[in-house]
>>> print(open('my_file.cif').read())   # mmCIF, C-alpha atoms
data_upload
loop_
_atom_site.label_atom_id
_atom_site.label_comp_id
_atom_site.auth_asym_id
_atom_site.auth_seq_id
_atom_site.Cartn_x
_atom_site.Cartn_y
_atom_site.Cartn_z
CA MET A 1 -7.06 -85.53 -17.54
CA GLU A 2 -9.37 -84.81 -20.46
CA LEU A 3 -12.10 -87.25 -21.41
CA LYS A 4 -11.53 -87.69 -25.14
CA CYS A 5 -14.80 -88.07 -26.99
CA HIS A 6 -15.31 -88.13 -30.73
CA TRP A 7 -19.05 -87.57 -30.31
CA ALA A 8 -18.47 -84.27 -28.51
CA MET A 9 -15.96 -83.00 -31.04
CA ALA A 10 -17.32 -84.13 -34.37
CA ALA A 11 -20.89 -85.43 -34.17
CA VAL A 12 -24.55 -84.43 -34.11
CA ASN A 13 -27.49 -86.66 -33.30
CA TYR A 14 -31.09 -85.81 -34.24
CA LYS A 15 -33.56 -87.51 -31.90
CA ASN A 16 -37.33 -87.39 -31.47
CA LYS A 17 -39.19 -84.87 -29.30
CA ASP A 18 -37.46 -81.88 -30.91
CA ARG A 19 -34.03 -82.81 -29.58
CA ILE A 20 -30.55 -82.54 -31.02
CA CYS A 21 -27.72 -84.11 -29.05
CA MET A 22 -24.17 -85.22 -29.72
CA CYS A 23 -24.26 -88.98 -29.51
CA PRO A 24 -26.53 -92.06 -29.51
CA ARG A 25 -26.55 -92.25 -25.70
CA GLN A 26 -27.26 -88.62 -24.84
CA GLN A 27 -30.88 -87.73 -24.10
CA LEU A 28 -30.81 -84.12 -22.88
CA THR A 29 -31.41 -81.42 -25.49
CA LEU A 30 -28.47 -79.37 -26.78
CA SER A 31 -30.40 -77.77 -29.63
CA SER A 32 -33.88 -78.08 -31.14
CA ILE A 33 -34.96 -79.42 -34.52
CA SER A 34 -37.77 -76.87 -34.71
CA ALA A 35 -35.20 -74.03 -34.54
CA THR A 36 -33.07 -75.39 -37.37
CA VAL A 37 -31.90 -78.71 -38.74
CA LYS A 38 -28.77 -77.19 -40.26
CA PRO A 39 -25.82 -78.48 -38.20
CA THR A 40 -23.55 -75.55 -38.98
CA TYR A 41 -26.09 -73.27 -37.26
CA PHE A 42 -25.88 -75.02 -33.86
CA PHE A 43 -22.65 -77.03 -33.87
CA ASN A 44 -20.92 -74.38 -31.72
CA ASN A 45 -23.83 -73.13 -29.64
CA GLU A 46 -23.52 -72.65 -25.88
CA ASN A 47 -24.58 -76.21 -25.04
CA PHE A 48 -22.29 -77.99 -27.48
CA THR A 49 -19.32 -75.88 -26.40
CA ARG A 50 -20.09 -76.34 -22.68
CA VAL A 51 -20.10 -80.13 -22.97
CA ARG A 52 -16.80 -80.06 -24.86
CA LYS A 53 -15.15 -77.83 -22.27
CA GLN A 54 -16.32 -80.00 -19.38
CA LEU A 55 -15.04 -83.18 -21.00
CA PHE A 56 -11.76 -81.50 -21.90
CA ALA A 57 -11.41 -80.55 -18.22
CA GLY A 58 -12.02 -84.16 -17.15
CA GLU A 59 -15.52 -83.48 -15.82
CA TRP A 60 -18.63 -85.52 -16.64
CA PRO A 61 -21.40 -83.32 -18.10
CA LYS A 62 -24.96 -84.15 -17.04
CA GLU A 63 -25.64 -85.15 -20.66
CA CYS A 64 -23.05 -87.95 -20.46
CA LYS A 65 -24.65 -90.00 -17.67
CA SER A 66 -24.83 -93.22 -19.69
CA CYS A 67 -21.11 -93.39 -20.48
CA LYS A 68 -20.21 -92.56 -16.90
CA GLN A 69 -22.40 -95.39 -15.62
CA TYR A 70 -20.81 -97.86 -18.04
CA GLU A 71 -17.28 -96.80 -17.15
CA ASP A 72 -18.03 -96.91 -13.42
CA LYS A 73 -19.01 -100.58 -13.90
CA GLY A 74 -15.84 -101.31 -15.83
CA TYR A 75 -17.77 -101.83 -19.07
CA LYS A 76 -16.60 -100.12 -22.27
CA SER A 77 -18.66 -97.00 -22.94
CA TYR A 78 -19.66 -95.36 -26.21
CA ARG A 79 -17.02 -92.73 -25.56
CA GLN A 80 -14.28 -95.30 -25.11
CA LYS A 81 -15.33 -97.32 -28.14
CA THR A 82 -14.52 -94.38 -30.42
CA ILE A 83 -10.96 -94.01 -29.12
CA GLY A 84 -9.81 -96.95 -31.18
CA ASN A 85 -11.67 -96.23 -34.42
CA LYS A 86 -13.29 -92.79 -34.87
CA TRP A 87 -11.19 -90.63 -32.53
CA SER A 88 -8.15 -88.76 -33.87
CA ASP A 89 -5.90 -86.36 -31.95
CA ASP A 90 -5.94 -84.23 -35.12
CA LEU A 91 -9.37 -82.99 -33.97
CA LEU A 92 -7.65 -81.11 -31.16
CA LYS A 93 -5.76 -78.99 -33.67
CA TYR A 94 -9.06 -77.33 -34.59
CA TYR A 95 -10.40 -77.09 -31.04
CA ASP A 96 -10.42 -73.86 -29.05
CA GLU A 97 -10.00 -74.85 -25.40
CA GLU A 98 -11.23 -71.47 -24.12
CA THR A 99 -14.42 -71.23 -26.15
CA GLY A 100 -15.17 -74.93 -26.70
CA GLU A 101 -15.61 -74.26 -30.42
CA ILE A 102 -14.43 -76.45 -33.27
CA SER A 103 -14.56 -75.87 -37.03
CA ASN A 104 -17.86 -76.79 -38.71
CA GLU A 105 -15.81 -78.47 -41.41
CA LEU A 106 -14.72 -81.05 -38.84
CA LEU A 107 -18.25 -82.46 -38.50
CA GLU A 108 -17.74 -86.13 -39.29
CA TYR A 109 -20.76 -87.98 -37.94
CA VAL A 110 -24.51 -87.49 -38.25
CA GLU A 111 -27.25 -89.69 -36.83
CA VAL A 112 -30.83 -88.88 -37.69
CA ARG A 113 -34.31 -90.18 -36.90
CA PHE A 114 -36.81 -88.60 -39.27
CA SER A 115 -39.96 -89.98 -37.69
CA ASN A 116 -41.39 -92.64 -35.40
CA ALA A 117 -43.31 -94.16 -38.33
CA CYS A 118 -42.93 -97.92 -37.92
CA ASN A 119 -44.77 -101.07 -38.95
CA LEU A 120 -43.89 -103.11 -35.84
CA SER A 121 -44.61 -102.94 -32.10
CA CYS A 122 -41.64 -104.50 -30.27
CA LEU A 123 -41.98 -105.19 -26.57
CA HIS A 124 -38.95 -103.13 -25.59
CA CYS A 125 -40.22 -100.17 -27.63
CA SER A 126 -42.94 -97.56 -27.09
CA PRO A 127 -45.16 -95.03 -28.91
CA GLN A 128 -42.45 -92.38 -28.97
CA TRP A 129 -40.40 -94.66 -31.26
CA SER A 130 -43.19 -96.52 -33.04
CA SER A 131 -46.36 -95.29 -34.72
CA LYS A 132 -47.62 -98.88 -34.60
CA TRP A 133 -47.53 -98.69 -30.81
CA GLN A 134 -49.37 -95.37 -30.98
CA SER A 135 -52.21 -96.98 -32.93
CA ILE A 136 -52.38 -99.99 -30.58
CA LEU A 137 -52.49 -97.91 -27.41
CA ARG A 138 -54.70 -95.11 -28.69
CA ASN A 139 -57.81 -96.52 -27.05
CA VAL A 140 -56.16 -98.13 -24.01
CA ASP A 141 -57.00 -96.54 -20.67
CA VAL A 142 -54.02 -96.20 -18.35
CA ASN A 143 -54.84 -97.57 -14.92
CA LYS A 144 -53.35 -97.05 -11.46
CA GLN A 145 -51.17 -100.17 -11.66
CA ASP A 146 -49.69 -98.99 -14.96
CA ILE A 147 -48.64 -95.80 -13.21
CA ASP A 148 -47.46 -97.53 -10.01
CA TYR A 149 -45.31 -99.96 -11.97
CA GLY A 150 -44.06 -97.21 -14.31
CA ILE A 151 -44.95 -99.06 -17.51
CA HIS A 152 -42.89 -97.18 -20.07
CA ASN A 153 -45.06 -97.44 -23.16
CA LEU A 154 -48.22 -96.49 -21.26
CA VAL A 155 -47.11 -93.65 -19.01
CA GLU A 156 -44.49 -91.81 -21.09
CA ASP A 157 -45.21 -88.81 -23.26
CA ALA A 158 -45.66 -90.16 -26.79
CA ASN A 159 -45.39 -86.88 -28.66
CA ASN A 160 -43.15 -87.32 -31.66
CA GLN A 161 -41.72 -85.20 -34.43
CA SER A 162 -41.94 -86.04 -38.10
CA TRP A 163 -39.63 -84.17 -40.45
CA SER A 164 -40.97 -82.45 -43.52
CA LEU A 165 -39.32 -83.09 -46.87
CA GLU A 166 -38.24 -79.44 -46.81
CA GLN A 167 -36.33 -80.07 -43.58
CA VAL A 168 -34.65 -83.08 -45.18
CA ASP A 169 -33.58 -80.86 -48.07
CA LEU A 170 -32.24 -78.20 -45.69
CA LEU A 171 -30.17 -80.76 -43.81
CA THR A 172 -28.68 -82.38 -46.91
CA GLU A 173 -27.99 -78.97 -48.50
CA ASP A 174 -25.99 -77.92 -45.42
CA LEU A 175 -24.10 -81.21 -45.30
CA ILE A 176 -23.27 -81.02 -49.01
CA ARG A 177 -22.17 -77.37 -48.97
CA ASN A 178 -20.53 -76.95 -45.57
CA CYS A 179 -19.47 -80.35 -44.22
CA PRO A 180 -16.93 -81.71 -46.73
CA ASN A 181 -15.33 -84.10 -44.23
CA LEU A 182 -18.50 -86.01 -43.36
CA LYS A 183 -17.50 -89.64 -42.84
CA TYR A 184 -20.29 -91.44 -40.99
CA ILE A 185 -24.07 -91.41 -41.32
CA ASP A 186 -26.37 -93.45 -39.09
CA ILE A 187 -30.09 -93.60 -39.82
CA ALA A 188 -32.52 -95.05 -37.32
CA GLY A 189 -36.23 -94.88 -36.63
CA GLY A 190 -39.05 -95.74 -36.19
CA GLU A 191 -38.49 -97.82 -39.27
CA PRO A 192 -36.51 -95.83 -41.90
CA LEU A 193 -37.65 -97.92 -44.88
CA TYR A 194 -41.23 -97.05 -43.93
CA GLN A 195 -40.54 -93.30 -44.21
CA LYS A 196 -40.53 -91.03 -47.28
CA GLN A 197 -37.98 -88.77 -45.57
CA PHE A 198 -35.43 -91.58 -45.52
CA TRP A 199 -35.69 -92.15 -49.27
CA ARG A 200 -35.40 -88.40 -49.96
CA PHE A 201 -32.30 -88.19 -47.76
CA LEU A 202 -30.60 -91.11 -49.53
CA GLU A 203 -31.34 -89.68 -52.95
CA ASN A 204 -30.05 -86.21 -51.99
CA MET A 205 -26.85 -87.54 -50.41
CA GLN A 206 -25.84 -89.23 -53.65
CA SER A 207 -24.35 -85.84 -54.65
CA HIS A 208 -22.33 -85.17 -51.47
CA PRO A 209 -18.71 -84.34 -52.49
CA ASN A 210 -17.36 -86.91 -50.02
CA VAL A 211 -19.91 -89.64 -50.73
CA GLY A 212 -17.11 -91.91 -51.94
CA ASN A 213 -15.58 -91.80 -48.45
CA ILE A 214 -18.76 -91.92 -46.34
CA LYS A 215 -19.76 -94.94 -44.29
CA LEU A 216 -23.54 -95.30 -44.12
CA ILE A 217 -25.33 -97.39 -41.51
CA CYS A 218 -29.08 -97.90 -41.46
CA ILE A 219 -30.96 -99.69 -38.70
CA SER A 220 -34.00 -101.44 -40.11
CA ASN A 221 -36.31 -104.33 -39.35
CA PHE A 222 -36.14 -105.38 -43.04
CA ASN A 223 -39.75 -106.45 -42.68
CA THR A 224 -41.33 -103.61 -44.62
CA PRO A 225 -42.81 -104.08 -48.15
CA VAL A 226 -40.61 -101.65 -50.13
CA ASN A 227 -38.39 -101.73 -53.22
CA TYR A 228 -35.29 -103.56 -51.95
CA GLU A 229 -33.67 -103.43 -55.39
CA LYS A 230 -33.83 -99.62 -55.35
CA LEU A 231 -32.52 -99.57 -51.80
CA SER A 232 -29.56 -101.77 -52.72
CA LYS A 233 -28.54 -99.46 -55.59
CA LEU A 234 -28.76 -96.28 -53.48
CA PHE A 235 -26.40 -97.85 -50.95
CA LEU A 236 -23.81 -98.67 -53.61
CA LYS A 237 -22.78 -95.02 -54.07
CA PHE A 238 -21.31 -94.81 -50.56
CA ASN A 239 -17.78 -95.96 -49.84
CA LYS A 240 -18.93 -98.38 -47.18
CA SER A 241 -22.42 -99.22 -46.03
CA LYS A 242 -24.16 -101.45 -43.57
CA ILE A 243 -27.73 -102.55 -43.00
CA ARG A 244 -28.15 -103.43 -39.33
CA ILE A 245 -31.27 -105.58 -39.15
CA SER A 246 -33.05 -105.56 -35.81
CA VAL A 247 -33.91 -109.23 -35.49
CA ASP A 248 -34.05 -109.57 -31.69
CA GLY A 249 -35.24 -113.13 -31.78
CA GLY A 250 -35.59 -116.43 -33.57
CA LYS A 251 -38.68 -117.90 -35.18
CA ASN A 252 -40.06 -118.89 -31.78
CA ILE A 253 -40.35 -115.42 -30.24
CA TYR A 254 -40.10 -113.09 -33.26
CA ASN A 255 -43.79 -112.53 -33.85
CA TYR A 256 -44.51 -112.36 -30.11
CA PHE A 257 -41.73 -109.87 -29.41
CA ARG A 258 -41.81 -107.82 -32.64
CA SER A 259 -45.23 -108.53 -34.20
CA GLY A 260 -43.69 -109.27 -37.58
CA THR A 261 -43.02 -112.21 -39.89
CA TYR A 262 -39.57 -113.78 -39.49
CA ASP A 263 -39.42 -115.32 -42.98
CA ASN A 264 -39.79 -111.86 -44.55
CA ILE A 265 -36.31 -110.99 -43.29
CA VAL A 266 -34.70 -113.82 -45.23
CA LYS A 267 -36.65 -113.04 -48.39
CA ASN A 268 -35.81 -109.33 -48.33
CA ILE A 269 -32.12 -109.94 -47.67
CA GLN A 270 -32.01 -112.22 -50.71
CA VAL A 271 -33.58 -109.56 -52.96
CA PHE A 272 -31.17 -106.92 -51.65
CA ARG A 273 -28.20 -109.22 -52.21
CA GLU A 274 -29.14 -109.92 -55.84
CA HIS A 275 -28.21 -106.33 -56.66
CA ASN A 276 -25.69 -105.44 -53.97
CA SER A 277 -22.96 -107.68 -52.58
CA LYS A 278 -20.92 -104.73 -51.27
CA THR A 279 -23.08 -103.60 -48.35
CA ILE A 280 -22.52 -105.41 -45.06
CA VAL A 281 -25.72 -107.02 -43.80
CA GLU A 282 -25.74 -107.46 -40.04
CA ALA A 283 -28.26 -109.09 -37.73
CA THR A 284 -28.72 -107.38 -34.38
CA ASN A 285 -29.83 -108.97 -31.14
CA THR A 286 -31.19 -106.29 -28.81
CA ILE A 287 -30.90 -108.26 -25.59
CA SER A 288 -33.65 -108.04 -23.02
CA ILE A 289 -35.07 -110.60 -20.61
CA TYR A 290 -37.26 -111.91 -23.45
CA GLN A 291 -34.23 -112.86 -25.57
CA LEU A 292 -32.34 -114.38 -22.62
CA LEU A 293 -35.26 -116.63 -21.69
CA ASP A 294 -35.18 -118.10 -25.23
CA ILE A 295 -31.46 -117.67 -25.88
CA GLU A 296 -30.83 -120.99 -27.66
CA ASN A 297 -33.62 -120.53 -30.21
CA VAL A 298 -32.62 -116.90 -30.71
CA LEU A 299 -28.97 -117.68 -31.42
CA ASP A 300 -29.62 -120.83 -33.47
CA ASP A 301 -31.97 -119.01 -35.85
CA MET A 302 -29.85 -115.86 -36.09
CA LEU A 303 -26.83 -118.00 -37.00
CA ASP A 304 -28.83 -119.39 -39.95
CA LEU A 305 -29.59 -115.95 -41.40
CA PRO A 306 -27.79 -115.02 -44.67
CA VAL A 307 -25.84 -112.16 -43.07
CA ASN A 308 -22.19 -111.17 -42.78
CA ASN A 309 -22.07 -110.95 -39.01
CA LEU A 310 -23.96 -110.59 -35.75
CA HIS A 311 -24.26 -107.48 -33.59
CA HIS A 312 -25.79 -106.88 -30.19
CA SER A 313 -26.81 -104.29 -27.65
CA PHE A 314 -28.48 -104.47 -24.24
CA VAL A 315 -31.77 -103.01 -23.11
CA GLN A 316 -30.91 -100.55 -20.36
CA TYR A 317 -34.35 -98.98 -20.16
CA PRO A 318 -36.94 -99.84 -19.01
CA GLU A 319 -35.12 -101.56 -16.15
CA TYR A 320 -37.78 -104.28 -15.81
CA LEU A 321 -36.73 -105.68 -19.20
CA GLY A 322 -33.03 -105.75 -18.34
CA LEU A 323 -30.64 -108.32 -16.93
CA SER A 324 -31.58 -107.68 -13.30
CA VAL A 325 -34.82 -109.60 -13.97
CA ILE A 326 -33.12 -112.92 -14.79
CA PRO A 327 -34.52 -115.62 -12.45
CA ASN A 328 -31.75 -118.21 -12.90
CA LYS A 329 -28.42 -116.82 -14.05
CA GLN A 330 -26.60 -120.15 -14.09
CA LYS A 331 -29.21 -121.76 -16.31
CA ILE A 332 -28.65 -119.13 -19.00
CA LEU A 333 -24.86 -119.24 -18.61
CA ASP A 334 -24.97 -123.02 -19.08
CA LYS A 335 -26.96 -122.65 -22.31
CA LEU A 336 -24.25 -120.38 -23.74
CA GLU A 337 -21.62 -123.12 -23.43
CA LYS A 338 -22.72 -124.83 -26.66
CA TYR A 339 -21.61 -121.75 -28.66
CA ASN A 340 -18.03 -121.64 -27.37
CA THR A 341 -16.63 -123.14 -30.57
CA VAL A 342 -19.13 -121.69 -33.05
CA SER A 343 -17.44 -119.40 -35.59
CA MET A 344 -19.52 -116.41 -36.70
CA PRO A 345 -18.27 -112.80 -36.69
CA GLY A 346 -19.76 -111.02 -33.69
CA LEU A 347 -21.03 -114.12 -31.90
CA GLN A 348 -18.21 -114.61 -29.42
CA LYS A 349 -18.25 -110.95 -28.42
CA MET A 350 -22.00 -111.21 -27.84
CA ILE A 351 -21.52 -114.30 -25.66
CA LYS A 352 -18.67 -112.67 -23.73
CA ASP A 353 -20.70 -109.51 -23.06
CA ILE A 354 -23.80 -111.46 -21.99
CA ARG A 355 -21.72 -113.48 -19.54
CA TYR A 356 -20.00 -110.41 -18.13
CA LEU A 357 -23.19 -108.45 -17.55
CA ILE A 358 -25.11 -111.42 -16.15
CA GLU A 359 -22.33 -112.09 -13.66
CA ASN A 360 -22.05 -108.42 -12.70
CA THR A 361 -25.74 -107.47 -12.50
CA ALA A 362 -27.58 -108.01 -9.25
CA CYS A 363 -31.06 -109.52 -9.26
CA ASP A 364 -33.82 -107.02 -8.50
CA SER A 365 -37.06 -108.46 -7.11
CA LYS A 366 -38.90 -105.19 -7.68
CA ASN A 367 -38.11 -105.24 -11.39
CA GLN A 368 -39.07 -108.90 -11.58
CA LYS A 369 -42.54 -108.01 -10.31
CA ARG A 370 -42.71 -105.15 -12.81
CA PHE A 371 -41.72 -107.53 -15.61
CA ILE A 372 -44.46 -109.99 -14.65
CA TYR A 373 -47.04 -107.22 -14.62
CA TYR A 374 -45.78 -105.72 -17.88
CA THR A 375 -45.85 -109.05 -19.71
CA ASN A 376 -49.38 -109.86 -18.60
CA ARG A 377 -50.56 -106.34 -19.40
CA MET A 378 -49.09 -106.47 -22.91
CA ASP A 379 -50.58 -109.91 -23.51
CA GLN A 380 -53.95 -108.45 -22.62
CA ILE A 381 -53.51 -105.43 -24.88
CA LYS A 382 -51.98 -107.25 -27.85
CA ASN A 383 -54.08 -110.41 -27.53
CA SER A 384 -50.94 -112.53 -27.20
CA LYS A 385 -49.89 -115.25 -24.77
CA PHE A 386 -46.45 -115.54 -23.16
CA GLU A 387 -47.10 -119.16 -22.17
CA ASP A 388 -47.60 -120.28 -25.77
CA VAL A 389 -44.13 -118.99 -26.66
CA TYR A 390 -42.09 -119.83 -23.56
CA GLY A 391 -43.84 -123.00 -22.43
CA ALA A 392 -44.86 -121.67 -19.00
CA THR A 393 -46.51 -118.60 -17.54
CA VAL A 394 -44.32 -115.62 -16.78
CA GLU A 395 -45.04 -116.12 -13.08
CA GLU A 396 -43.86 -119.73 -13.23
CA ILE A 397 -40.62 -118.80 -14.98
CA ILE A 398 -39.72 -115.84 -12.78
CA ASN A 399 -40.88 -117.26 -9.46
CA GLY A 400 -39.73 -120.78 -10.11
#
>>> encode(input="my_file.cif", output="structure tokens")
Amino acid sequence: MELKCHWAMAAVNYKNKDRICMCPRQQLTLSSISATVKPTYFFNNENFTRVRKQLFAGEWPKECKSCKQYEDKGYKSYRQKTIGNKWSDDLLKYYDEETGEISNELLEYVEVRFSNACNLSCLHCSPQWSSKWQSILRNVDVNKQDIDYGIHNLVEDANNQSWSLEQVDLLTEDLIRNCPNLKYIDIAGGEPLYQKQFWRFLENMQSHPNVGNIKLICISNFNTPVNYEKLSKLFLKFNKSKIRISVDGGKNIYNYFRSGTYDNIVKNIQVFREHNSKTIVEATNTISIYQLLDIENVLDDMLDLPVNNLHHSFVQYPEYLGLSVIPNKQKILDKLEKYNTVSMPGLQKMIKDIRYLIENTACDSKNQKRFIYYTNRMDQIKNSKFEDVYGATVEEIING
């Protein structure tokens, strides 16, 4: 039985480190940005067609490890989520089962990261996604414990790729000329608003022949000093648009976790809204152990934001920031009870998913030790103090 996947049939995803994949979850390279950014030049190359053929045959390609893991746990994967909204059996009419090729005109979805340029240094992030982290860690010497514990932002290769404006023009030219059925654009970072490539892309895409039918999503921290009036007007040209604001905390942990100013989010949303009431503004909670340990403050403050709805995702990597680190599952589950009757789009799904994963994720003592080390190491590097934010040392909270 074939594994239907919209990402495999109709999507391209530009990542950092010279990688082009199909979907947000894939990490292995199917084509390279340095070779060409034009999607019609690689959309049917040997890697894209191989993945399609394997999925069509009911086999899991090596590139699709994340979705397989989710489905094996009984949790809805990225692949499955598209069956109800993006997937259409009409795509199969243009698919060649023998070659794995599909018409370039059927490209519907593009996600792009132009650079790792970012003004924040979030604790679940690393230099490969944030230039701020690069500057912080530039003069930090990696020690043996960093390596032994596998501290992600210290031991990983931080090489990143920053697009030229010429590359942005090549991409948008190809999309405008050869991809008339484009329907979805996702832009992530780094921090897009911090990048000149992002603004060039938005301006160029105003002339796409299908712009009136395109849904645009941009993930931003909304904590960057830019022209939010101009941003609001550029978004108006698209049929539908959404700003997904990475909040990941309330006032209590925001500066500690993200190194930004929480009140700036509210101010910038208000400026944006003065000129654009059409775009959906969404607050995202990227859930790691840090958010769960302060879950009441996080949810209370996010519920007060002037947004249309809440969104969430879970930190899967690094593992020592995930749900397996939770010291007292019942304590967190009990805190969620107060939100059972709270009405806010997205909230109940967030609560349901947190409960499900907490109840179905085993505690890992090794990752707890890694989390303790990581937190203390980052406090040392960033001159911060976990105890001031959470009311106890990380050792006291994790070890009881």
>>> closest_residue(input="my_file.cif", among="A:Thr361, A:Thr341, A:Ser135, A:Thr393", to="Glu319 (chain A)", atoms="only C-alpha atoms")
A:Thr361
>>> residues_near_point(input="my_file.cif", point="(-32.6, -101.4, -27.7)", cutoff="10 Å", atoms="all atoms listed in the file", output="MDAnalysis selection string")
chainID A and resid 122 124:125 246 248 284:288 312:318
>>> atom_distance(input="my_file.cif", atom1="CA of His6 (chain A)", atom2="CA of Arg52 (chain A)")
10.1 Å
>>> closest_atom_pairs(input="my_file.cif", of="region 137-226 of chain A", to="region 98-106 of chain A", cutoff="7 Å", atoms="all atoms listed in the file", output="tab-separated table")
residue	atom	partner	partner_atom	distance
A:Asn178	CA	A:Glu105	CA	6.5
A:Cys179	CA	A:Glu105	CA	5.0
A:Pro180	CA	A:Glu105	CA	6.3
A:Asn181	CA	A:Leu106	CA	6.2
>>> residues_around(input="my_file.cif", residues="Phe198 (chain A)", least_positions_apart="6", cutoff="12 Å", atoms="all atoms listed in the file", output="PyMOL selection string")
chain A and resi 112-117+162-165+167-169+172+186-192+204-205+218-220+231+234
>>> atom_distance(input="my_file.cif", atom1="CA of Leu333 (chain A)", atom2="CA of Gly400 (chain A)")
17.2 Å
>>> residues_near_point(input="my_file.cif", point="(-12.6, -86.5, -28.3)", cutoff="7 Å", atoms="only C-alpha atoms", output="PyMOL selection string")
chain A and resi 3-9+87
>>> atom_distance(input="my_file.cif", atom1="CA of Phe222 (chain A)", atom2="CA of Tyr339 (chain A)")
26.2 Å
>>> closest_residue(input="my_file.cif", among="A:Gln195, A:Gln128, A:Gln368, A:Asn13", to="Asn399 (chain A)", atoms="only C-alpha atoms")
A:Gln368
>>> axis_aligned_box(input="my_file.cif", around="region 217-232 of chain A", padding_each_side="4 Å", output="AutoDock Vina command-line options")
--center_x -34.1 --center_y -101.9 --center_z -47.0 --size_x 25.5 --size_y 17.1 --size_z 24.7
>>> decode(input="my_file.cif", residues="region 364-377 of chain A", atoms="N, CA and C atoms", output="mmCIF file, in the first residue's frame")
data_model
loop_
_atom_site.group_PDB
_atom_site.id
_atom_site.type_symbol
_atom_site.label_atom_id
_atom_site.label_comp_id
_atom_site.auth_asym_id
_atom_site.auth_seq_id
_atom_site.Cartn_x
_atom_site.Cartn_y
_atom_site.Cartn_z
ATOM 1 N N ASP A 364 14.262 9.249 30.989
ATOM 2 C CA ASP A 364 15.611 8.824 30.625
ATOM 3 C C ASP A 364 16.608 9.511 31.556
ATOM 4 N N SER A 365 17.192 8.754 32.469
ATOM 5 C CA SER A 365 18.109 9.338 33.455
ATOM 6 C C SER A 365 19.365 9.911 32.814
ATOM 7 N N LYS A 366 19.799 9.285 31.715
ATOM 8 C CA LYS A 366 20.978 9.790 31.009
ATOM 9 C C LYS A 366 20.722 11.182 30.456
ATOM 10 N N ASN A 367 19.567 11.381 29.850
ATOM 11 C CA ASN A 367 19.239 12.694 29.305
ATOM 12 C C ASN A 367 18.990 13.714 30.410
ATOM 13 N N GLN A 368 18.516 13.272 31.554
ATOM 14 C CA GLN A 368 18.361 14.192 32.678
ATOM 15 C C GLN A 368 19.716 14.748 33.118
ATOM 16 N N LYS A 369 20.714 13.882 33.179
ATOM 17 C CA LYS A 369 22.062 14.319 33.534
ATOM 18 C C LYS A 369 22.620 15.272 32.483
ATOM 19 N N ARG A 370 22.335 14.964 31.216
ATOM 20 C CA ARG A 370 22.791 15.846 30.133
ATOM 21 C C ARG A 370 22.120 17.215 30.238
ATOM 22 N N PHE A 371 20.835 17.215 30.579
ATOM 23 C CA PHE A 371 20.100 18.472 30.725
ATOM 24 C C PHE A 371 20.684 19.320 31.857
ATOM 25 N N ILE A 372 20.983 18.688 32.960
ATOM 26 C CA ILE A 372 21.591 19.405 34.093
ATOM 27 C C ILE A 372 22.918 20.027 33.670
ATOM 28 N N TYR A 373 23.737 19.244 32.998
ATOM 29 C CA TYR A 373 25.031 19.768 32.561
ATOM 30 C C TYR A 373 24.837 20.902 31.556
ATOM 31 N N TYR A 374 23.951 20.684 30.587
ATOM 32 C CA TYR A 374 23.716 21.699 29.556
ATOM 33 C C TYR A 374 23.261 23.019 30.165
ATOM 34 N N THR A 375 22.306 22.951 31.081
ATOM 35 C CA THR A 375 21.770 24.162 31.691
ATOM 36 C C THR A 375 22.853 24.929 32.442
ATOM 37 N N ASN A 376 23.641 24.223 33.224
ATOM 38 C CA ASN A 376 24.717 24.892 33.964
ATOM 39 C C ASN A 376 25.785 25.448 33.030
ATOM 40 N N ARG A 377 26.062 24.729 31.973
ATOM 41 C CA ARG A 377 27.067 25.195 30.997
ATOM 42 C C ARG A 377 26.589 26.458 30.288
#
